[in-house]
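**Q** Sharing a structure with you now.
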Amino acid sequence: MTENAFSQERLYDLYASMGISTKVYRYGERVLSSLRERFESIDRVAEYNQMKVIGAMQDCRVSEACLLGTTGYGYNDLGRDTLERVYASLFHAQAGLVRPQITCGTHALALALMSNLRPGDELLSPVGKPYDTLEEVIGIRPSRGSLKEYGITYRQVDLLADGGFDYEGIRAAVSERTRLVTIQRSKGYQTRPTLSVERIGELISFLKGIRPDILCMVDNCYGEFTQITEPTDVGADLCVGSLIKNPGGGLAPIGGYIVGKQECVENAACRLTSPGLGREVGATLHALPSFYQGLFLAPTVTAAAMKGAIFAANLYEGLGFPVVPGGAEERFDIIQAVEFGTPQGLIAFCEGIQAAAPVDSFVTPEPWDMPGYDSQVIMAAGAFVSGASIELSADGPLKPPYAAYFQGGLTWPHAKFGILKSLQRCLERGVISDIPAGLL
């Protein structure tokens, strides 16, 4: 027996010992056999982005002293200031704000909006409904401290039925009060297409053609390093994201970033801390080594998550479930939606993902009334960093079409195991009656 054959046999035995049946394993291997070329393409993007990160760190002269951090006011924090220059360099932006005091992606977005909009301004979304948690920030759903309470109005233009931009509707919606346009790159809890950097660039060009002074902000969550360019490369004035998603590489314990035009980033810094203090304060404590090393790992970690998303799409699409994006589609974020049509399917999928986790694998996820959402949400995430969706995770609202939103996987083998485990649980719960013999 060759070493390779021996390894494959031992690998199968290990999967079996961890609850993966012969049928599930064989089906997974058959799906994988068709994905090798796509995985090679993902690895090439990861290599490009890895070199880009290393180049930015070298150009900005990252040193051992940058990893030390500060306490108290955080004056003259070399590591913080250098890291913000690294992010600005990576995104080809004028400035960056990268802070542990930014608690999550929603906070980063709220900070960018509230610091760059003034009473009487109007916010426009030309890509339809924003992510659920942003509804309360805007005031679509009443909430204390929303933009609406400060006299900032909101207008949206839905995407066309085919996922295209409604250019006529957007032109009609832009008024003299339109100050800022928010463009959500990823799908959120929707089944619309994720936007590529190229499509975002086309939309920004159209908007600037109407009013050159309109600020264009991109919610970049889940999209970083999935392509070799970022929204600031195609004209975005602001680009916003979370460090416990792609750019944190699974190591950042908290934090968010805002990159873009100098004035817009300075506005955000003054809102985050205080007018007159701005970016000069804000201690980093012990977070900097994780921020730097996480960013260094981010391209390859994102690549692992991309492979997991493609595997999940092809696995479930082959069994007849609607998936967004489709198994063969090009993708521009790490999120994969699988529509089950029933709450039982969504719950079983999440149970399987949780059972594959390195942390809290013995816990059973249950739907709950999560703050910021208008329906119960089930979330599976046995993560080293609580809530880090660059780690293997899945979630979804308990409402039609009962879609599970799968994302993450710090390594490809873990993403693969999680997806196989989700399928195994769907079989055990009767959501899937059997895997047809023709697929094995």
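Following the order of the structure tokens, first chain is A, next is B, and so on, with residues numbered from 1 inside each chain and ligands from 1 in the order they appear.
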I want to know what sits within 12 Å of Tyr167 (chain A), based on only C-alpha atoms, with residues of the same chain fewer than 5 positions away left out; could you give that as a PyMOL selection string?

**A** chain A and resi 126-127+157-160+172-174+202-207+209-210

**Q** Would you export the selected residues with N, CA and C atoms as a PDB file, in the first residue's frame, please?

**A**
```pdb
ATOM      1  N   PRO A 126     -28.525  52.674  -2.970  1.00  0.00           N
ATOM      2  CA  PRO A 126     -28.953  52.312  -4.320  1.00  0.00           C
ATOM      3  C   PRO A 126     -28.957  50.810  -4.566  1.00  0.00           C
ATOM      4  N   VAL A 127     -28.757  50.040  -3.489  1.00  0.00           N
ATOM      5  CA  VAL A 127     -28.695  48.576  -3.642  1.00  0.00           C
ATOM      6  C   VAL A 127     -29.755  47.888  -2.777  1.00  0.00           C
ATOM      7  N   VAL A 157     -33.200  52.667  -3.293  1.00  0.00           N
ATOM      8  CA  VAL A 157     -33.632  52.209  -4.609  1.00  0.00           C
ATOM      9  C   VAL A 157     -33.315  50.725  -4.664  1.00  0.00           C
ATOM     10  N   ASP A 158     -34.323  49.912  -4.871  1.00  0.00           N
ATOM     11  CA  ASP A 158     -34.115  48.468  -4.894  1.00  0.00           C
ATOM     12  C   ASP A 158     -33.401  48.035  -6.166  1.00  0.00           C
ATOM     13  N   LEU A 159     -32.715  46.920  -6.061  1.00  0.00           N
ATOM     14  CA  LEU A 159     -32.113  46.321  -7.235  1.00  0.00           C
ATOM     15  C   LEU A 159     -33.204  45.804  -8.167  1.00  0.00           C
ATOM     16  N   LEU A 160     -32.879  45.668  -9.436  1.00  0.00           N
ATOM     17  CA  LEU A 160     -33.820  45.092 -10.384  1.00  0.00           C
ATOM     18  C   LEU A 160     -33.978  43.599 -10.125  1.00  0.00           C
ATOM     19  N   ALA A 172     -33.220  59.400 -10.359  1.00  0.00           N
ATOM     20  CA  ALA A 172     -34.387  60.127  -9.858  1.00  0.00           C
ATOM     21  C   ALA A 172     -34.309  60.339  -8.345  1.00  0.00           C
ATOM     22  N   ALA A 173     -33.642  59.415  -7.637  1.00  0.00           N
ATOM     23  CA  ALA A 173     -33.590  59.489  -6.170  1.00  0.00           C
ATOM     24  C   ALA A 173     -32.560  60.495  -5.665  1.00  0.00           C
ATOM     25  N   VAL A 174     -31.533  60.768  -6.456  1.00  0.00           N
ATOM     26  CA  VAL A 174     -30.494  61.708  -6.031  1.00  0.00           C
ATOM     27  C   VAL A 174     -31.055  63.129  -6.063  1.00  0.00           C
ATOM     28  N   GLU A 202     -18.525  50.657 -11.197  1.00  0.00           N
ATOM     29  CA  GLU A 202     -19.473  51.174 -12.196  1.00  0.00           C
ATOM     30  C   GLU A 202     -20.550  52.033 -11.536  1.00  0.00           C
ATOM     31  N   LEU A 203     -21.044  51.571 -10.389  1.00  0.00           N
ATOM     32  CA  LEU A 203     -22.084  52.318  -9.672  1.00  0.00           C
ATOM     33  C   LEU A 203     -21.542  53.642  -9.152  1.00  0.00           C
ATOM     34  N   ILE A 204     -20.343  53.618  -8.593  1.00  0.00           N
ATOM     35  CA  ILE A 204     -19.745  54.849  -8.075  1.00  0.00           C
ATOM     36  C   ILE A 204     -19.527  55.850  -9.214  1.00  0.00           C
ATOM     37  N   SER A 205     -19.038  55.365 -10.351  1.00  0.00           N
ATOM     38  CA  SER A 205     -18.816  56.241 -11.512  1.00  0.00           C
ATOM     39  C   SER A 205     -20.124  56.888 -11.954  1.00  0.00           C
ATOM     40  N   PHE A 206     -21.196  56.122 -11.953  1.00  0.00           N
ATOM     41  CA  PHE A 206     -22.508  56.662 -12.325  1.00  0.00           C
ATOM     42  C   PHE A 206     -22.950  57.737 -11.341  1.00  0.00           C
ATOM     43  N   LEU A 207     -22.791  57.467 -10.043  1.00  0.00           N
ATOM     44  CA  LEU A 207     -23.211  58.419  -9.009  1.00  0.00           C
ATOM     45  C   LEU A 207     -22.391  59.712  -9.084  1.00  0.00           C
ATOM     46  N   GLY A 209     -21.033  60.861 -11.641  1.00  0.00           N
ATOM     47  CA  GLY A 209     -21.435  61.561 -12.850  1.00  0.00           C
ATOM     48  C   GLY A 209     -22.659  62.436 -12.634  1.00  0.00           C
ATOM     49  N   ILE A 210     -23.490  62.051 -11.681  1.00  0.00           N
ATOM     50  CA  ILE A 210     -24.666  62.857 -11.344  1.00  0.00           C
ATOM     51  C   ILE A 210     -24.268  64.021 -10.446  1.00  0.00           C
TER      52      ILE A 210
END
```

**Q** Show me, as a Markdown table, the residues of region 333-369 of chain A having an atom within 8 Å of region 183-191 of chain A, each with the closest atom pair and its distance in Å, using only C-alpha atoms.

**A**
```
| residue | atom | partner | partner_atom | distance |
| --- | --- | --- | --- | --- |
| A:Asp333 | CA | A:Ser186 | CA | 6.4 |
| A:Ile335 | CA | A:Ser186 | CA | 7.8 |
| A:Ala337 | CA | A:Thr191 | CA | 7.1 |
```

**Q** Give me the residues near region 68-78 of chain A as a PyMOL selection string, where near means some atom within 9 Å (using only C-alpha atoms) and where sequence neighbours in that chain fewer than 6 positions away do not count.

**A** chain A and resi 280-289

**Q** Using only C-alpha atoms for the distances, tell me which of A:Asn116, A:Ser41, A:Ser21, A:Gln94 is nearest to Ile435 (chain A).

**A**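 Counting only C-alpha atoms, the residue closest to Ile435 (chain A) is A:Ser21.
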
**Q** If you count only C-alpha atoms, which residues fall within 9 Å of Ile258 (chain A), apart from same-chain ones fewer than 4 positions away, as an mmCIF file with N, CA and C atoms, in the first residue's frame?

**A**
```cif
data_model
loop_
_atom_site.group_PDB
_atom_site.id
_atom_site.type_symbol
_atom_site.label_atom_id
_atom_site.label_comp_id
_atom_site.auth_asym_id
_atom_site.auth_seq_id
_atom_site.Cartn_x
_atom_site.Cartn_y
_atom_site.Cartn_z
ATOM 1 N N TYR A 87 -3.003 49.925 6.661
ATOM 2 C CA TYR A 87 -4.340 49.764 6.074
ATOM 3 C C TYR A 87 -4.562 50.772 4.947
ATOM 4 N N ALA A 95 -6.158 57.759 4.208
ATOM 5 C CA ALA A 95 -6.027 57.595 5.657
ATOM 6 C C ALA A 95 -6.792 56.359 6.120
ATOM 7 N N GLY A 96 -6.470 55.925 7.319
ATOM 8 C CA GLY A 96 -7.165 54.781 7.904
ATOM 9 C C GLY A 96 -7.394 54.977 9.388
ATOM 10 N N LEU A 97 -8.449 54.389 9.884
ATOM 11 C CA LEU A 97 -8.760 54.373 11.310
ATOM 12 C C LEU A 97 -8.991 52.907 11.672
ATOM 13 N N VAL A 98 -8.097 52.317 12.474
ATOM 14 C CA VAL A 98 -8.160 50.894 12.821
ATOM 15 C C VAL A 98 -8.052 50.799 14.336
ATOM 16 N N ALA A 108 -18.735 50.266 13.191
ATOM 17 C CA ALA A 108 -17.888 50.957 12.219
ATOM 18 C C ALA A 108 -18.727 51.699 11.186
ATOM 19 N N LEU A 109 -19.787 51.053 10.706
ATOM 20 C CA LEU A 109 -20.665 51.684 9.726
ATOM 21 C C LEU A 109 -21.400 52.873 10.330
ATOM 22 N N LEU A 111 -20.467 54.668 12.812
ATOM 23 C CA LEU A 111 -19.472 55.712 13.040
ATOM 24 C C LEU A 111 -19.191 56.498 11.761
ATOM 25 N N ALA A 112 -19.021 55.787 10.660
ATOM 26 C CA ALA A 112 -18.758 56.456 9.382
ATOM 27 C C ALA A 112 -19.938 57.314 8.944
ATOM 28 N N LEU A 238 -15.138 56.057 1.177
ATOM 29 C CA LEU A 238 -15.003 55.383 2.464
ATOM 30 C C LEU A 238 -15.210 53.886 2.265
ATOM 31 N N CYS A 239 -14.431 53.100 2.974
ATOM 32 C CA CYS A 239 -14.582 51.654 2.943
ATOM 33 C C CYS A 239 -14.513 51.183 4.390
ATOM 34 N N VAL A 240 -15.479 50.369 4.799
ATOM 35 C CA VAL A 240 -15.671 50.074 6.212
ATOM 36 C C VAL A 240 -15.790 48.571 6.427
ATOM 37 N N GLY A 241 -15.220 48.080 7.535
ATOM 38 C CA GLY A 241 -15.343 46.658 7.819
ATOM 39 C C GLY A 241 -15.007 46.316 9.252
ATOM 40 N N VAL A 265 -12.177 60.250 7.177
ATOM 41 C CA VAL A 265 -11.617 59.419 8.246
ATOM 42 C C VAL A 265 -11.394 60.254 9.499
ATOM 43 N N ALA A 268 -14.574 60.644 11.319
ATOM 44 C CA ALA A 268 -14.907 59.432 12.064
ATOM 45 C C ALA A 268 -14.098 59.346 13.354
#
```

**Q** Fewer than 6 positions away in the same chain doesn't count, so skip those; otherwise give me all residues within 8 Å of Phe321 (chain A), counting only C-alpha atoms, as a PyMOL selection string.

**A** chain A and resi 338-340

**Q** Among region 131-191 of chain A, which residues carry a DSSP assignment of strand (DSSP E), reported as a ChimeraX atom specification?

**A** /A:153-156,178-184

**Q** Take the residues from that selection and write them out as a PDB file, in the first residue's frame, keeping N, CA and C atoms.

**A**
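Output contents, as saved in part-v5.pdb:
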```pdb
ATOM      1  N   THR A 153     -32.483  62.075   6.700  1.00  0.00           N
ATOM      2  CA  THR A 153     -33.481  61.230   6.044  1.00  0.00           C
ATOM      3  C   THR A 153     -32.807  60.119   5.241  1.00  0.00           C
ATOM      4  N   TYR A 154     -33.629  59.179   4.837  1.00  0.00           N
ATOM      5  CA  TYR A 154     -33.111  57.994   4.146  1.00  0.00           C
ATOM      6  C   TYR A 154     -33.991  57.658   2.951  1.00  0.00           C
ATOM      7  N   ARG A 155     -33.351  57.254   1.887  1.00  0.00           N
ATOM      8  CA  ARG A 155     -34.064  56.811   0.698  1.00  0.00           C
ATOM      9  C   ARG A 155     -33.324  55.610   0.117  1.00  0.00           C
ATOM     10  N   GLN A 156     -34.070  54.670  -0.449  1.00  0.00           N
ATOM     11  CA  GLN A 156     -33.406  53.530  -1.076  1.00  0.00           C
ATOM     12  C   GLN A 156     -34.012  53.242  -2.441  1.00  0.00           C
ATOM     13  N   THR A 178     -28.914  64.841  -1.042  1.00  0.00           N
ATOM     14  CA  THR A 178     -28.184  63.573  -0.963  1.00  0.00           C
ATOM     15  C   THR A 178     -26.706  63.858  -0.676  1.00  0.00           C
ATOM     16  N   ARG A 179     -26.280  63.470   0.493  1.00  0.00           N
ATOM     17  CA  ARG A 179     -24.902  63.735   0.913  1.00  0.00           C
ATOM     18  C   ARG A 179     -24.021  62.496   0.805  1.00  0.00           C
ATOM     19  N   LEU A 180     -24.595  61.342   1.143  1.00  0.00           N
ATOM     20  CA  LEU A 180     -23.785  60.128   1.213  1.00  0.00           C
ATOM     21  C   LEU A 180     -24.574  58.948   0.666  1.00  0.00           C
ATOM     22  N   VAL A 181     -23.903  58.098  -0.081  1.00  0.00           N
ATOM     23  CA  VAL A 181     -24.501  56.882  -0.629  1.00  0.00           C
ATOM     24  C   VAL A 181     -23.824  55.685   0.022  1.00  0.00           C
ATOM     25  N   THR A 182     -24.618  54.774   0.568  1.00  0.00           N
ATOM     26  CA  THR A 182     -24.056  53.571   1.188  1.00  0.00           C
ATOM     27  C   THR A 182     -24.292  52.371   0.276  1.00  0.00           C
ATOM     28  N   ILE A 183     -23.224  51.642   0.006  1.00  0.00           N
ATOM     29  CA  ILE A 183     -23.275  50.502  -0.911  1.00  0.00           C
ATOM     30  C   ILE A 183     -22.854  49.253  -0.134  1.00  0.00           C
ATOM     31  N   GLN A 184     -23.787  48.367   0.084  1.00  0.00           N
ATOM     32  CA  GLN A 184     -23.491  47.135   0.801  1.00  0.00           C
ATOM     33  C   GLN A 184     -22.990  46.096  -0.190  1.00  0.00           C
TER      34      GLN A 184
END
```

**Q** So that I can see what lies close to region 373-389 of chain A, please list as a PyMOL selection string the residues with an atom at most 8 Å from it, counting only C-alpha atoms and leaving out residues fewer than 2 positions away in the same chain.

**A** chain A and resi 132-133+244-245+250-253+347+350-351+353-354+357-361+365-371+391-399+407-408

**Q** Go ahead and save the picked residues with C-alpha atoms, as an mmCIF file, in the first residue's frame.

**A**
```cif
data_model
loop_
_atom_site.group_PDB
_atom_site.id
_atom_site.type_symbol
_atom_site.label_atom_id
_atom_site.label_comp_id
_atom_site.auth_asym_id
_atom_site.auth_seq_id
_atom_site.Cartn_x
_atom_site.Cartn_y
_atom_site.Cartn_z
ATOM 1 C CA ASP A 132 -30.744 44.174 9.444
ATOM 2 C CA THR A 133 -28.656 45.781 12.183
ATOM 3 C CA ILE A 244 -13.403 39.825 13.389
ATOM 4 C CA LYS A 245 -14.226 39.084 9.772
ATOM 5 C CA GLY A 250 -9.145 34.973 12.936
ATOM 6 C CA LEU A 251 -6.696 36.455 15.450
ATOM 7 C CA ALA A 252 -8.059 39.970 16.025
ATOM 8 C CA PRO A 253 -10.122 39.790 19.238
ATOM 9 C CA ILE A 347 -31.855 24.617 12.401
ATOM 10 C CA CYS A 350 -26.679 25.175 12.104
ATOM 11 C CA GLU A 351 -26.610 22.236 14.503
ATOM 12 C CA ILE A 353 -21.882 23.493 11.951
ATOM 13 C CA GLN A 354 -21.870 23.847 15.738
ATOM 14 C CA ALA A 357 -16.595 23.498 16.097
ATOM 15 C CA PRO A 358 -13.378 23.265 18.131
ATOM 16 C CA VAL A 359 -15.067 25.244 20.930
ATOM 17 C CA ASP A 360 -18.525 24.395 22.341
ATOM 18 C CA SER A 361 -19.081 21.527 19.908
ATOM 19 C CA PRO A 365 -27.761 26.289 18.985
ATOM 20 C CA GLU A 366 -31.307 27.576 19.378
ATOM 21 C CA PRO A 367 -33.195 30.498 17.800
ATOM 22 C CA TRP A 368 -33.362 33.599 20.004
ATOM 23 C CA ASP A 369 -34.403 37.248 19.960
ATOM 24 C CA MET A 370 -31.065 38.759 18.988
ATOM 25 C CA PRO A 371 -30.675 42.547 19.410
ATOM 26 C CA GLU A 391 -14.293 31.385 11.831
ATOM 27 C CA LEU A 392 -16.549 28.479 10.867
ATOM 28 C CA SER A 393 -20.060 29.744 11.488
ATOM 29 C CA ALA A 394 -23.613 29.783 10.194
ATOM 30 C CA ASP A 395 -26.689 31.780 11.008
ATOM 31 C CA GLY A 396 -30.015 32.862 9.636
ATOM 32 C CA PRO A 397 -33.334 34.467 10.569
ATOM 33 C CA LEU A 398 -36.286 32.205 11.298
ATOM 34 C CA LYS A 399 -38.390 33.497 8.418
ATOM 35 C CA GLN A 407 -19.267 31.593 6.243
ATOM 36 C CA GLY A 408 -15.756 31.235 7.517
#
```

**Q** What does the distance between CA of Thr103 (chain A) and CA of Ile138 (chain A) come to in Å, to one decimal place?

**A** 18.0 Å

**Q** Go through region 67-151 of chain A and flag each residue having an atom no more than 12 Å from region 227-231 of chain A; for those, report the closest pair of atoms plus their distance in Å to one decimal, using only C-alpha atoms, ordered by chain and rising number, as a tab-separated table.

**A**
```
residue	atom	partner	partner_atom	distance
A:Tyr87	CA	A:Glu230	CA	11.6
A:Ala88	CA	A:Glu230	CA	11.5
A:Ser89	CA	A:Glu230	CA	11.6
A:Leu90	CA	A:Glu230	CA	8.9
A:Phe91	CA	A:Glu230	CA	6.4
A:His92	CA	A:Glu230	CA	8.7
A:Ala93	CA	A:Pro231	CA	10.1
```

**Q** Figure out the distance between CA of Gly256 (chain A) and CA of Pro100 (chain A), please, to one decimal in Å.

**A**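 Between CA of Pro100 (chain A) and CA of Gly256 (chain A) the gap is 6.8 Å.
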
**Q** Which residues are close to Val431 (chain A), i.e. within 8 Å by only C-alpha atoms, leaving aside same-chain residues fewer than 5 positions away? Reply as a list in words.

**A**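 Once the adjacent positions are removed, what remains is Gln344, Gly345, Ala348 and Cys426 of chain A.
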
**Q** So which residues of region 35-210 of chain A fall under alpha helix (DSSP H) by DSSP, listed as a ChimeraX atom specification?

**A** /A:36-59,78-90,105-116,132-138,167-173,197-210

**Q** For CA of Ile419 (chain A) and CA of Ala304 (chain A), determine how far apart the two atoms are, in Å to one decimal place.

**A** 12.9 Å

**Q** Between A:Gly151, A:Pro142, A:Gly169, A:Pro130, which residue has the minimum interatomic distance to Arg118 (chain A), considering only C-alpha atoms?

**A** A:Gly151

**Q** Which one is closest to Phe165 (chain A): A:Ile54, A:Leu295, A:Leu195, A:Leu423? Count only C-alpha atoms.

**A** A:Leu195
